[in-house]
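**Q** There's a structure below that I have some questions on.
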Amino acid sequence: MKFNGTEFHLRWSKDGQFEFTPAGQEDLSRWTEMLTLWRYDGITTGEALAAQANRTLGAYQNAKGKILRTNSLPRTAQKPAEHFIAALLGSNQFIEFAAARLLLVNGKGAGIVYSRRAYGNPAKPDLGAWVSQNGAPVEARVMAFDPGPALGALPR
């Protein structure tokens with residue numbers, strides 16, 4: 001699957017969560033870019049999708065994440081509602097930027113999360129500079145990405 005000009009390869013999946021990294025980043029304990037697709041088959045309404053978006057936001061907050069931006073696009077006659085969350089997450093070993101979008105695809109809940117990590121001592125300023133330069137363009141790409149074909153090709 002291609003995202004942001006990079007080919008991503010499936011590395012791991014479980015319970016509707018599918019993690020992809022680029023070539024050379026097969027080690028899931030030391031990746032720097034990851035694309036995660038979520039399949040929420042039990043979500044079939046805008047209200048249920050909003051509740052999942054709130055659970056995702058709560059999980060980021062409970063992980064002591066710094067929420068950078070949220071945005072909910074209301075339902076229109078042509079398109080169901082969508083939700084976006086950008087956050088900085090981290091631990092003693094790394095800091096991570098996550099750009100998450102939740103939407104309905106063919107009447108079922110779906111999520112796409114683009115994540116970028118930096119490790120070690122200069123991680124915070126390095127990733128902060130990257131987010132300043134790339135955060136808005138990445139959000140636009142996440143919001144424009146159609147996860148339908150990729151989700152349809154993944155195993156159930």
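Chain labels A, B, ... are given in the sequence in which chains occur in the structure tokens; within each chain residues are numbered consecutively from 1, and ligands are likewise numbered from 1 in the order shown.
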Env of stretch 54-59 of chain A: 9 Å cut, atoms = only C-alpha atoms, seq-sep filter 6 positions within chain, self excluded. Answer as JSON, numbers by chain.

**A** {"A": [65, 67, 70, 85, 87, 100]}

**Q** Using N, CA and C atoms, can you export the residues from the last selection as an mmCIF file, in the first residue's frame?

**A**
data_model
loop_
_atom_site.group_PDB
_atom_site.id
_atom_site.type_symbol
_atom_site.label_atom_id
_atom_site.label_comp_id
_atom_site.auth_asym_id
_atom_site.auth_seq_id
_atom_site.Cartn_x
_atom_site.Cartn_y
_atom_site.Cartn_z
ATOM 1 N N GLY A 65 -0.483 11.718 26.534
ATOM 2 C CA GLY A 65 -0.179 12.339 25.256
ATOM 3 C C GLY A 65 -0.580 13.803 25.248
ATOM 4 N N ILE A 67 -2.329 16.441 23.106
ATOM 5 C CA ILE A 67 -3.218 16.552 21.963
ATOM 6 C C ILE A 67 -2.868 17.855 21.229
ATOM 7 N N THR A 70 -7.655 18.507 17.194
ATOM 8 C CA THR A 70 -8.787 17.630 16.887
ATOM 9 C C THR A 70 -9.665 18.362 15.891
ATOM 10 N N ILE A 85 -7.584 13.358 14.917
ATOM 11 C CA ILE A 85 -6.853 13.652 16.154
ATOM 12 C C ILE A 85 -5.365 13.613 15.836
ATOM 13 N N ALA A 87 -1.649 13.926 17.867
ATOM 14 C CA ALA A 87 -1.122 13.898 19.232
ATOM 15 C C ALA A 87 0.363 13.569 19.227
ATOM 16 N N ALA A 100 -4.494 10.633 13.415
ATOM 17 C CA ALA A 100 -5.527 9.593 13.311
ATOM 18 C C ALA A 100 -6.802 10.157 12.696
#

**Q** Near stretch 143-152 of chain A, within 7 Å and counting only C-alpha atoms, which residues show up once chain neighbours fewer than 3 positions away are dropped, as a PDB file with C-alpha atoms, in the first residue's frame?

**A**
ATOM      1  CA  MET A   1       0.000   0.000   0.000  1.00  0.00           C
ATOM      2  CA  ARG A 101      -8.645   9.751  11.156  1.00  0.00           C
ATOM      3  CA  VAL A 105     -16.167   3.171   4.735  1.00  0.00           C
ATOM      4  CA  GLU A 139      -2.898  15.749   8.192  1.00  0.00           C
ATOM      5  CA  ALA A 140      -4.018  16.671   4.671  1.00  0.00           C
TER       6      ALA A 140
END

**Q** Record the distance separating atom CA of A:Leu103 and atom CA of A:Arg11, expressed in Å with one decimal.

**A** 23.1 Å

**Q** So how many Å separate atom CA of A:Val142 and atom CA of A:Asn121, to one decimal?

**A**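 We find that atom CA of A:Val142 and atom CA of A:Asn121 lie 28.5 Å from each other.
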
**Q** I need the residues in chain A that are alpha helix (DSSP H) according to DSSP; give them as a VMD selection string.

**A** chain A and resid 46 to 62 123 to 144 148 to 153

**Q** Save out the residues we just selected, C-alpha atoms, as a PDB file, in the first residue's frame.

**A**
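Saved to out-v7.pdb:
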ATOM      1  CA  GLY A  46     -22.114   8.283  12.929  1.00  0.00           C
ATOM      2  CA  GLU A  47     -22.880   8.222  16.648  1.00  0.00           C
ATOM      3  CA  ALA A  48     -20.911   5.007  17.168  1.00  0.00           C
ATOM      4  CA  LEU A  49     -18.030   6.455  15.131  1.00  0.00           C
ATOM      5  CA  ALA A  50     -18.021   9.608  17.291  1.00  0.00           C
ATOM      6  CA  ALA A  51     -17.934   7.425  20.410  1.00  0.00           C
ATOM      7  CA  GLN A  52     -14.898   5.555  19.004  1.00  0.00           C
ATOM      8  CA  ALA A  53     -13.207   8.866  18.218  1.00  0.00           C
ATOM      9  CA  ASN A  54     -13.779   9.921  21.834  1.00  0.00           C
ATOM     10  CA  ARG A  55     -12.328   6.597  23.075  1.00  0.00           C
ATOM     11  CA  THR A  56      -9.254   7.125  20.863  1.00  0.00           C
ATOM     12  CA  LEU A  57      -8.850  10.673  22.169  1.00  0.00           C
ATOM     13  CA  GLY A  58      -9.217   9.383  25.742  1.00  0.00           C
ATOM     14  CA  ALA A  59      -6.610   6.680  25.147  1.00  0.00           C
ATOM     15  CA  TYR A  60      -4.131   9.297  23.900  1.00  0.00           C
ATOM     16  CA  GLN A  61      -4.877  11.500  26.923  1.00  0.00           C
ATOM     17  CA  ASN A  62      -4.587   8.556  29.351  1.00  0.00           C
ATOM     18  CA  ALA A 123      14.144  12.715  20.022  1.00  0.00           C
ATOM     19  CA  LYS A 124      11.937  15.514  21.338  1.00  0.00           C
ATOM     20  CA  PRO A 125      13.538  18.441  19.488  1.00  0.00           C
ATOM     21  CA  ASP A 126      14.091  16.323  16.367  1.00  0.00           C
ATOM     22  CA  LEU A 127      10.471  15.202  16.183  1.00  0.00           C
ATOM     23  CA  GLY A 128       9.203  18.644  17.187  1.00  0.00           C
ATOM     24  CA  ALA A 129      10.999  20.189  14.225  1.00  0.00           C
ATOM     25  CA  TRP A 130       9.621  17.474  11.956  1.00  0.00           C
ATOM     26  CA  VAL A 131       6.038  18.073  13.188  1.00  0.00           C
ATOM     27  CA  SER A 132       6.385  21.842  12.712  1.00  0.00           C
ATOM     28  CA  GLN A 133       7.402  21.301   9.109  1.00  0.00           C
ATOM     29  CA  ASN A 134       5.300  18.245   8.219  1.00  0.00           C
ATOM     30  CA  GLY A 135       2.299  18.086  10.575  1.00  0.00           C
ATOM     31  CA  ALA A 136      -0.172  20.025   8.412  1.00  0.00           C
ATOM     32  CA  PRO A 137       0.778  18.282   5.132  1.00  0.00           C
ATOM     33  CA  VAL A 138       0.550  14.868   6.831  1.00  0.00           C
ATOM     34  CA  GLU A 139      -2.898  15.749   8.192  1.00  0.00           C
ATOM     35  CA  ALA A 140      -4.018  16.671   4.671  1.00  0.00           C
ATOM     36  CA  ARG A 141      -2.701  13.360   3.310  1.00  0.00           C
ATOM     37  CA  VAL A 142      -4.341  11.341   6.099  1.00  0.00           C
ATOM     38  CA  MET A 143      -7.641  13.120   5.461  1.00  0.00           C
ATOM     39  CA  ALA A 144      -7.378  12.518   1.691  1.00  0.00           C
ATOM     40  CA  GLY A 148     -11.381   1.368   1.441  1.00  0.00           C
ATOM     41  CA  PRO A 149      -9.319  -0.524  -1.165  1.00  0.00           C
ATOM     42  CA  ALA A 150      -6.605  -1.454   1.356  1.00  0.00           C
ATOM     43  CA  LEU A 151      -9.125  -2.604   3.979  1.00  0.00           C
ATOM     44  CA  GLY A 152     -11.012  -4.607   1.374  1.00  0.00           C
ATOM     45  CA  ALA A 153      -7.824  -6.476   0.445  1.00  0.00           C
TER      46      ALA A 153
END

**Q** Give the answer as one residue: which of A:Gly109, A:Pro155, A:Ala63, A:His9 has the shortest atom-to-atom distance to A:Asp41, using only C-alpha atoms?

**A**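 Using only C-alpha atoms, the shortest distance to A:Asp41 belongs to A:Gly109.
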
**Q** Could you give me the residues within stretch 57-102 of chain A that DSSP places in strand (DSSP E), as a PyMOL selection string?

**A** chain A and resi 66-73+82-90+94-102

**Q** Could you turn the residues from that selection into a file that holds C-alpha atoms, as a PDB file, in the first residue's frame?

**A**
ATOM      1  CA  LYS A  66      -0.235  15.953  24.217  1.00  0.00           C
ATOM      2  CA  ILE A  67      -3.218  16.552  21.963  1.00  0.00           C
ATOM      3  CA  LEU A  68      -2.098  18.873  19.170  1.00  0.00           C
ATOM      4  CA  ARG A  69      -5.342  19.152  17.247  1.00  0.00           C
ATOM      5  CA  THR A  70      -8.787  17.630  16.887  1.00  0.00           C
ATOM      6  CA  ASN A  71     -11.296  18.207  14.153  1.00  0.00           C
ATOM      7  CA  SER A  72     -14.671  16.723  13.382  1.00  0.00           C
ATOM      8  CA  LEU A  73     -16.142  17.162   9.928  1.00  0.00           C
ATOM      9  CA  GLU A  82     -15.251  12.092  10.054  1.00  0.00           C
ATOM     10  CA  HIS A  83     -12.966  12.734  13.013  1.00  0.00           C
ATOM     11  CA  PHE A  84      -9.280  13.668  13.212  1.00  0.00           C
ATOM     12  CA  ILE A  85      -6.853  13.652  16.154  1.00  0.00           C
ATOM     13  CA  ALA A  86      -3.173  14.653  16.132  1.00  0.00           C
ATOM     14  CA  ALA A  87      -1.122  13.898  19.232  1.00  0.00           C
ATOM     15  CA  LEU A  88       2.386  13.550  20.588  1.00  0.00           C
ATOM     16  CA  LEU A  89       2.865  10.357  22.574  1.00  0.00           C
ATOM     17  CA  GLY A  90       5.945   9.023  24.251  1.00  0.00           C
ATOM     18  CA  PHE A  94      10.788   7.414  22.207  1.00  0.00           C
ATOM     19  CA  ILE A  95       8.433  10.204  21.204  1.00  0.00           C
ATOM     20  CA  GLU A  96       5.753   9.652  18.588  1.00  0.00           C
ATOM     21  CA  PHE A  97       3.573  11.878  16.430  1.00  0.00           C
ATOM     22  CA  ALA A  98       0.216  10.276  15.562  1.00  0.00           C
ATOM     23  CA  ALA A  99      -2.290  11.599  13.037  1.00  0.00           C
ATOM     24  CA  ALA A 100      -5.527   9.593  13.311  1.00  0.00           C
ATOM     25  CA  ARG A 101      -8.645   9.751  11.156  1.00  0.00           C
ATOM     26  CA  LEU A 102     -11.852   7.836  11.876  1.00  0.00           C
TER      27      LEU A 102
END

**Q** Which of these residues is nearest to A:Thr45, using only C-alpha atoms: A:Ala118, A:Ala81, A:Leu154, A:Ile112?

**A** A:Ala81

**Q** For the atom pair atom CA of A:Leu28 and atom CA of A:Gly111, what is the interatomic distance in Å to one decimal place?

**A**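 Answer for the atom CA of A:Leu28 to atom CA of A:Gly111 separation: 19.8 Å.
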
**Q** Neighbours of stretch 14-21 of chain A within 9 Å (only C-alpha atoms; same-chain residues fewer than 4 positions away dropped), as a list in words?

**A**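 Once the adjacent positions are removed, what remains is Met1, Glu7, Phe8, His9, Leu10, Gln25, Glu26, Leu28, Trp31, Thr32, Glu33, Met34, Leu35, Thr36, Leu37, Trp38, Arg39, Tyr40, Asp41, Leu154 and Arg156 of chain A.
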
**Q** Within 12 Å of stretch 3-6 of chain A, which residues of stretch 69-115 of chain A come that close, and what is the closest atom pair and distance in Å for each? Count only C-alpha atoms and give it as CSV.

**A**
residue,atom,partner,partner_atom,distance
A:Ile112,CA,A:Phe3,CA,10.9
A:Val113,CA,A:Phe3,CA,11.2
A:Tyr114,CA,A:Phe3,CA,9.1
A:Ser115,CA,A:Phe3,CA,11.8
